[in-house]
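Peer 1: Structure provided below as structure tokens; questions to follow.
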Amino acid sequence: MFSFVARMHLIVSPSDGDPELSRYNVTLAGLLLFGKERVLERTQFNAETIITFGGERQRLGRNIIESVRELIVAEKSPIRQRCSNATQDMLLELLKNAYIHRDWRTSGPVMVHISDILEIQSPGELLPPLNVMNLLRCIPCYRNFLLAEGCRQIGLCDKAGRGIGLIFDSALKGGLEIPIFESANGAFTARLSLSKSDTFAEFVRVRASSLGNMDEILCLRALLDREDMAAEEIAQVLQRALADTYKVLAGMQKKSMIDARSSSRFALAGGVRMDINNIYSFNQLDMFR
């Protein structure tokens with residue numbers, strides 16, 4: 001274990017080849033990943049998570065590994081128990097992002113609030129050039145690269161840069177609404193509605209072979225609850241340039257997924273809406289009466 005964390009540079013020798021363990025310095029990343037609660041309280045005052053649900057409020061002052069385990073992985077974890085419509089993988093990504101990408105120089109806890117919406121807020125806004133409208137398409141940018149790399153090495157994270165895509169993919173395939181992200185007032189917030197459309201989840205599963213990519217699923221989910229949308233609004237949902245969005249929309253029109261209400265407004269095709277609403281029914285048109 002000692003040599004493993006040393007290779008990850010989570011502990012650093014004061015000089016090359018020094019074998020004396022007591023002389024090694026522990027990095028902030030190493031402390032946040034493995035530090036015990038008493039040490040974290042003494043040396044890192046903002047390493048805590050506050051969870052609120054109903055009228056309850058819980059405080060957790062443990063390291064990242066223990067916090068993730070207790071909040072999501074454990075059998076009686078407070079987040080997973082109250083967010084049963086969300087997959088464990090998606091919940092893990094949301095919470096890990098809050099820890100890995102937060103600004104540890106800023107005092108304040110990671111805040112988790114659960115009602116009909118899961119809201120996770122962490123100190124520190126997105127680093128430039130990131131913004132909430134390019135998270136799906138951007139090149140990853142790390143405030144805490146050593147912490148992110150340490151999480152990857154110990155298996156807490158998958159390949160770099162896949163977290164946001166996994167969150168969107170899991171939400172859409174699970175019938176949830178499109179996740180909302182906000183970066184403002186010194187904090188980054190992720191919001192996930194916990195209401196679920198079972199029919200949309202089943203539609204995506206059954207029609208997977210005809211749904212070309214994430215853009216099409218995002219567009220269909222956005223239009224499901226709206227009469228129609230402007231191309232500019234759809235571009236924001238897809239996190240694409242307007243010209244690229246029109247190419248996506250043109251392709252979906254050819255596949256009879258959407259209808260054009262005007263040159264710049266689009267609606268879910270009636271046949272697709274009917275298919276979503278009746279996906280569980282084998283007798284959709286009452287053909288066997």
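Lettering and numbering for the structure tokens are positional, with chains as A, B, ... in the shown order, residues counted from 1 in each chain, and ligands counted from 1 in the shown order.
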Write down as a PyMOL selection string the residues belonging to segment 44-273 of chain A that are assigned strand (DSSP E or B) by DSSP computed on the backbone.
Peer 2: chain A and resi 49-53+56-60+110-114+117-123+176+180-184+187-193+196+229-230+258-260+265-268
Peer 1: Now that the selection is made, can you save its residues with N, CA and C atoms as a tab-separated table (two decimals), in the first residue's frame?
Peer 2:
```tsv
chain	number	residue	atom	x	y	z
A	49	THR	N	-19.49	17.00	4.34
A	49	THR	CA	-20.68	16.93	3.48
A	49	THR	C	-21.90	17.06	4.37
A	50	ILE	N	-22.84	17.89	3.97
A	50	ILE	CA	-24.09	18.05	4.71
A	50	ILE	C	-25.23	17.58	3.84
A	51	ILE	N	-26.04	16.65	4.37
A	51	ILE	CA	-27.15	16.05	3.64
A	51	ILE	C	-28.45	16.43	4.33
A	52	THR	N	-29.40	16.96	3.57
A	52	THR	CA	-30.71	17.30	4.11
A	52	THR	C	-31.80	16.60	3.31
A	53	PHE	N	-32.79	16.06	4.01
A	53	PHE	CA	-33.96	15.43	3.38
A	53	PHE	C	-35.09	15.42	4.39
A	56	GLU	N	-34.73	16.26	8.20
A	56	GLU	CA	-33.47	15.77	8.77
A	56	GLU	C	-32.27	16.47	8.14
A	57	ARG	N	-31.21	16.51	8.94
A	57	ARG	CA	-29.95	17.09	8.48
A	57	ARG	C	-28.81	16.25	9.06
A	58	GLN	N	-27.96	15.73	8.17
A	58	GLN	CA	-26.83	14.91	8.59
A	58	GLN	C	-25.53	15.56	8.16
A	59	ARG	N	-24.51	15.42	9.01
A	59	ARG	CA	-23.19	15.94	8.68
A	59	ARG	C	-22.21	14.78	8.62
A	60	LEU	N	-21.37	14.78	7.58
A	60	LEU	CA	-20.37	13.74	7.40
A	60	LEU	C	-19.02	14.41	7.21
A	110	VAL	N	-19.70	20.36	0.92
A	110	VAL	CA	-20.54	19.89	-0.19
A	110	VAL	C	-21.94	19.71	0.37
A	111	MET	N	-22.93	20.30	-0.29
A	111	MET	CA	-24.32	20.27	0.19
A	111	MET	C	-25.14	19.34	-0.69
A	112	VAL	N	-25.84	18.40	-0.07
A	112	VAL	CA	-26.72	17.48	-0.78
A	112	VAL	C	-28.13	17.66	-0.22
A	113	HIS	N	-29.07	18.02	-1.09
A	113	HIS	CA	-30.46	18.19	-0.67
A	113	HIS	C	-31.34	17.27	-1.51
A	114	ILE	N	-32.21	16.50	-0.84
A	114	ILE	CA	-33.06	15.54	-1.53
A	114	ILE	C	-34.52	15.84	-1.22
A	117	ILE	N	-36.34	16.56	-6.10
A	117	ILE	CA	-35.14	16.85	-6.89
A	117	ILE	C	-33.92	16.53	-6.05
A	118	LEU	N	-32.92	15.92	-6.66
A	118	LEU	CA	-31.62	15.75	-6.01
A	118	LEU	C	-30.75	16.94	-6.41
A	119	GLU	N	-30.27	17.67	-5.43
A	119	GLU	CA	-29.41	18.83	-5.68
A	119	GLU	C	-28.10	18.63	-4.94
A	120	ILE	N	-27.00	18.70	-5.67
A	120	ILE	CA	-25.66	18.59	-5.08
A	120	ILE	C	-24.88	19.84	-5.43
A	121	GLN	N	-24.46	20.57	-4.41
A	121	GLN	CA	-23.74	21.83	-4.61
A	121	GLN	C	-22.36	21.75	-3.97
A	122	SER	N	-21.35	22.18	-4.72
A	122	SER	CA	-19.98	22.16	-4.22
A	122	SER	C	-19.34	23.53	-4.40
A	123	PRO	N	-18.43	23.92	-3.50
A	123	PRO	CA	-17.78	25.23	-3.60
A	123	PRO	C	-16.91	25.34	-4.85
A	176	LEU	N	-35.59	9.75	-16.84
A	176	LEU	CA	-35.55	10.97	-16.05
A	176	LEU	C	-35.46	12.20	-16.95
A	180	ILE	N	-29.74	19.32	-14.94
A	180	ILE	CA	-29.49	20.76	-15.03
A	180	ILE	C	-28.25	21.08	-14.20
A	181	PHE	N	-27.35	21.87	-14.79
A	181	PHE	CA	-26.13	22.29	-14.10
A	181	PHE	C	-26.07	23.81	-14.04
A	182	GLU	N	-25.53	24.31	-12.95
A	182	GLU	CA	-25.43	25.76	-12.76
A	182	GLU	C	-24.08	26.08	-12.14
A	183	SER	N	-23.43	27.09	-12.68
A	183	SER	CA	-22.16	27.56	-12.14
A	183	SER	C	-22.28	29.07	-11.90
A	184	ALA	N	-22.47	29.44	-10.63
A	184	ALA	CA	-22.70	30.85	-10.31
A	184	ALA	C	-22.52	31.06	-8.82
A	187	ALA	N	-20.22	28.73	-6.67
A	187	ALA	CA	-20.55	27.31	-6.45
A	187	ALA	C	-20.97	26.66	-7.76
A	188	PHE	N	-20.84	25.34	-7.80
A	188	PHE	CA	-21.32	24.54	-8.92
A	188	PHE	C	-22.42	23.63	-8.40
A	189	THR	N	-23.56	23.64	-9.10
A	189	THR	CA	-24.73	22.89	-8.64
A	189	THR	C	-25.23	21.96	-9.72
A	190	ALA	N	-25.51	20.73	-9.34
A	190	ALA	CA	-26.15	19.75	-10.23
A	190	ALA	C	-27.53	19.45	-9.70
A	191	ARG	N	-28.54	19.52	-10.58
A	191	ARG	CA	-29.92	19.24	-10.18
A	191	ARG	C	-30.49	18.13	-11.06
A	192	LEU	N	-31.09	17.16	-10.43
A	192	LEU	CA	-31.66	16.02	-11.14
A	192	LEU	C	-33.07	15.77	-10.63
A	193	SER	N	-34.07	15.96	-11.50
A	193	SER	CA	-35.43	15.63	-11.12
A	193	SER	C	-35.55	14.13	-10.94
A	196	LYS	N	-39.97	10.20	-12.94
A	196	LYS	CA	-39.53	9.31	-14.02
A	196	LYS	C	-40.66	9.05	-15.01
A	229	MET	N	-40.45	23.74	-29.62
A	229	MET	CA	-39.28	24.48	-29.12
A	229	MET	C	-38.60	25.18	-30.28
A	230	ALA	N	-37.99	26.32	-29.98
A	230	ALA	CA	-37.19	27.03	-30.98
A	230	ALA	C	-35.86	26.31	-31.17
A	258	ILE	N	-39.50	14.28	-35.78
A	258	ILE	CA	-39.99	15.59	-35.41
A	258	ILE	C	-40.66	16.24	-36.62
A	259	ASP	N	-41.48	17.24	-36.33
A	259	ASP	CA	-42.12	18.05	-37.37
A	259	ASP	C	-41.69	19.50	-37.22
A	260	ALA	N	-41.57	20.20	-38.35
A	260	ALA	CA	-41.23	21.62	-38.33
A	260	ALA	C	-42.52	22.43	-38.27
A	265	ARG	N	-38.95	26.51	-35.52
A	265	ARG	CA	-39.60	25.86	-34.38
A	265	ARG	C	-39.97	24.43	-34.75
A	266	PHE	N	-39.79	23.53	-33.78
A	266	PHE	CA	-39.95	22.10	-34.05
A	266	PHE	C	-40.74	21.44	-32.93
A	267	ALA	N	-41.45	20.38	-33.30
A	267	ALA	CA	-42.29	19.66	-32.35
A	267	ALA	C	-42.08	18.16	-32.53
A	268	LEU	N	-42.40	17.43	-31.48
A	268	LEU	CA	-42.34	15.97	-31.55
A	268	LEU	C	-43.38	15.48	-32.56
```
Peer 1: Residues of segment 93-216 of chain A in helix (DSSP H, G or I) according to DSSP, as an MDAnalysis selection string?
Peer 2: chainID A and resid 93:100 145:153 163:173 198:206 208:210 214:216
Peer 1: Compile the contact shell of Ile64 of chain A as a ChimeraX atom specification: residues with an atom at most 9 Å away, counting only C-alpha atoms, same-chain residues fewer than 5 positions apart removed.
Peer 2: /A:32-35,47,69,96,99-100
Peer 1: By how many Å are atom CA of Ile164 of chain A and atom CA of Asp116 of chain A apart?
Peer 2: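 Between these atoms lies a distance of 21.2 Å.
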Peer 1: Can you tell me which residues surround Gln81 of chain A at a distance of at most 12 Å, considering only C-alpha atoms, apart from same-chain residues fewer than 4 positions away, and format the answer as a VMD selection string?
Peer 2: chain A and resid 53 70 to 77 85 to 88 91 114
Peer 1: Have a look at atom CA of Val68 of chain A and atom CA of Leu156 of chain A and let me know their distance in Å, one decimal.
Peer 2: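 About the pair atom CA of Val68 of chain A and atom CA of Leu156 of chain A: they are 9.2 Å apart.
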Peer 1: With distances taken over only C-alpha atoms, which residue among A:Asp228, A:Glu177, A:Ile234, A:Phe200 lies nearest Met274 of chain A?
Peer 2: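 Looking at the shortest contact to Met274 of chain A, the residue is A:Phe200.
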Peer 1: Show which residues sit within 10 Å of Met133 of chain A, as a short mmCIF file (atom, residue, chain, number, x, y, z; two decimals) with N, CA, C and O atoms, in the first residue's frame. Count only C-alpha atoms, and ignore same-chain residues fewer than 2 positions away.
Peer 2:
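Saved as around-v2.cif:
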```cif
data_model
loop_
_atom_site.label_atom_id
_atom_site.label_comp_id
_atom_site.auth_asym_id
_atom_site.auth_seq_id
_atom_site.Cartn_x
_atom_site.Cartn_y
_atom_site.Cartn_z
N LEU A 130 -14.54 26.21 -19.36
CA LEU A 130 -15.75 25.41 -19.18
C LEU A 130 -16.92 26.29 -18.81
O LEU A 130 -16.79 27.31 -18.13
N ASN A 131 -18.11 25.89 -19.25
CA ASN A 131 -19.36 26.50 -18.80
C ASN A 131 -20.44 25.44 -18.91
O ASN A 131 -20.23 24.36 -19.48
N LEU A 135 -20.46 21.30 -21.28
CA LEU A 135 -19.93 20.20 -20.47
C LEU A 135 -19.93 18.87 -21.22
O LEU A 135 -19.07 18.01 -20.99
N LEU A 136 -20.89 18.68 -22.13
CA LEU A 136 -20.95 17.43 -22.89
C LEU A 136 -19.87 17.35 -23.97
O LEU A 136 -19.51 16.24 -24.38
N ARG A 137 -19.38 18.48 -24.43
CA ARG A 137 -18.48 18.49 -25.60
C ARG A 137 -17.07 18.96 -25.28
O ARG A 137 -16.21 18.93 -26.15
N CYS A 138 -16.82 19.38 -24.05
CA CYS A 138 -15.56 20.07 -23.76
C CYS A 138 -14.41 19.09 -23.52
O CYS A 138 -14.62 17.90 -23.28
N PHE A 181 -27.35 21.87 -14.79
CA PHE A 181 -26.13 22.29 -14.10
C PHE A 181 -26.07 23.81 -14.04
O PHE A 181 -26.51 24.49 -14.96
N GLU A 182 -25.53 24.31 -12.95
CA GLU A 182 -25.43 25.76 -12.76
C GLU A 182 -24.08 26.08 -12.14
O GLU A 182 -23.64 25.40 -11.21
N ALA A 235 -30.63 23.90 -29.36
CA ALA A 235 -29.17 23.99 -29.40
C ALA A 235 -28.58 24.03 -27.99
O ALA A 235 -27.54 23.42 -27.72
N GLN A 236 -29.26 24.73 -27.08
CA GLN A 236 -28.80 24.78 -25.70
C GLN A 236 -28.89 23.41 -25.04
O GLN A 236 -28.00 23.01 -24.28
N VAL A 237 -29.96 22.68 -25.32
CA VAL A 237 -30.12 21.33 -24.77
C VAL A 237 -29.03 20.40 -25.29
O VAL A 237 -28.43 19.63 -24.53
N LEU A 238 -28.76 20.48 -26.59
CA LEU A 238 -27.76 19.61 -27.20
C LEU A 238 -26.33 20.06 -26.93
O LEU A 238 -25.39 19.29 -27.14
N GLN A 239 -26.18 21.31 -26.47
CA GLN A 239 -24.86 21.91 -26.25
C GLN A 239 -24.06 21.91 -27.55
O GLN A 239 -22.88 21.55 -27.58
N ARG A 240 -24.73 22.30 -28.63
CA ARG A 240 -24.10 22.38 -29.95
C ARG A 240 -24.33 23.76 -30.55
O ARG A 240 -25.25 24.48 -30.15
#
```
Peer 1: Find the distance between atom CA of Thr27 of chain A and atom CA of Leu95 of chain A and write it in Å to one decimal.
Peer 2: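 Separation between atom CA of Thr27 of chain A and atom CA of Leu95 of chain A: 21.8 Å.
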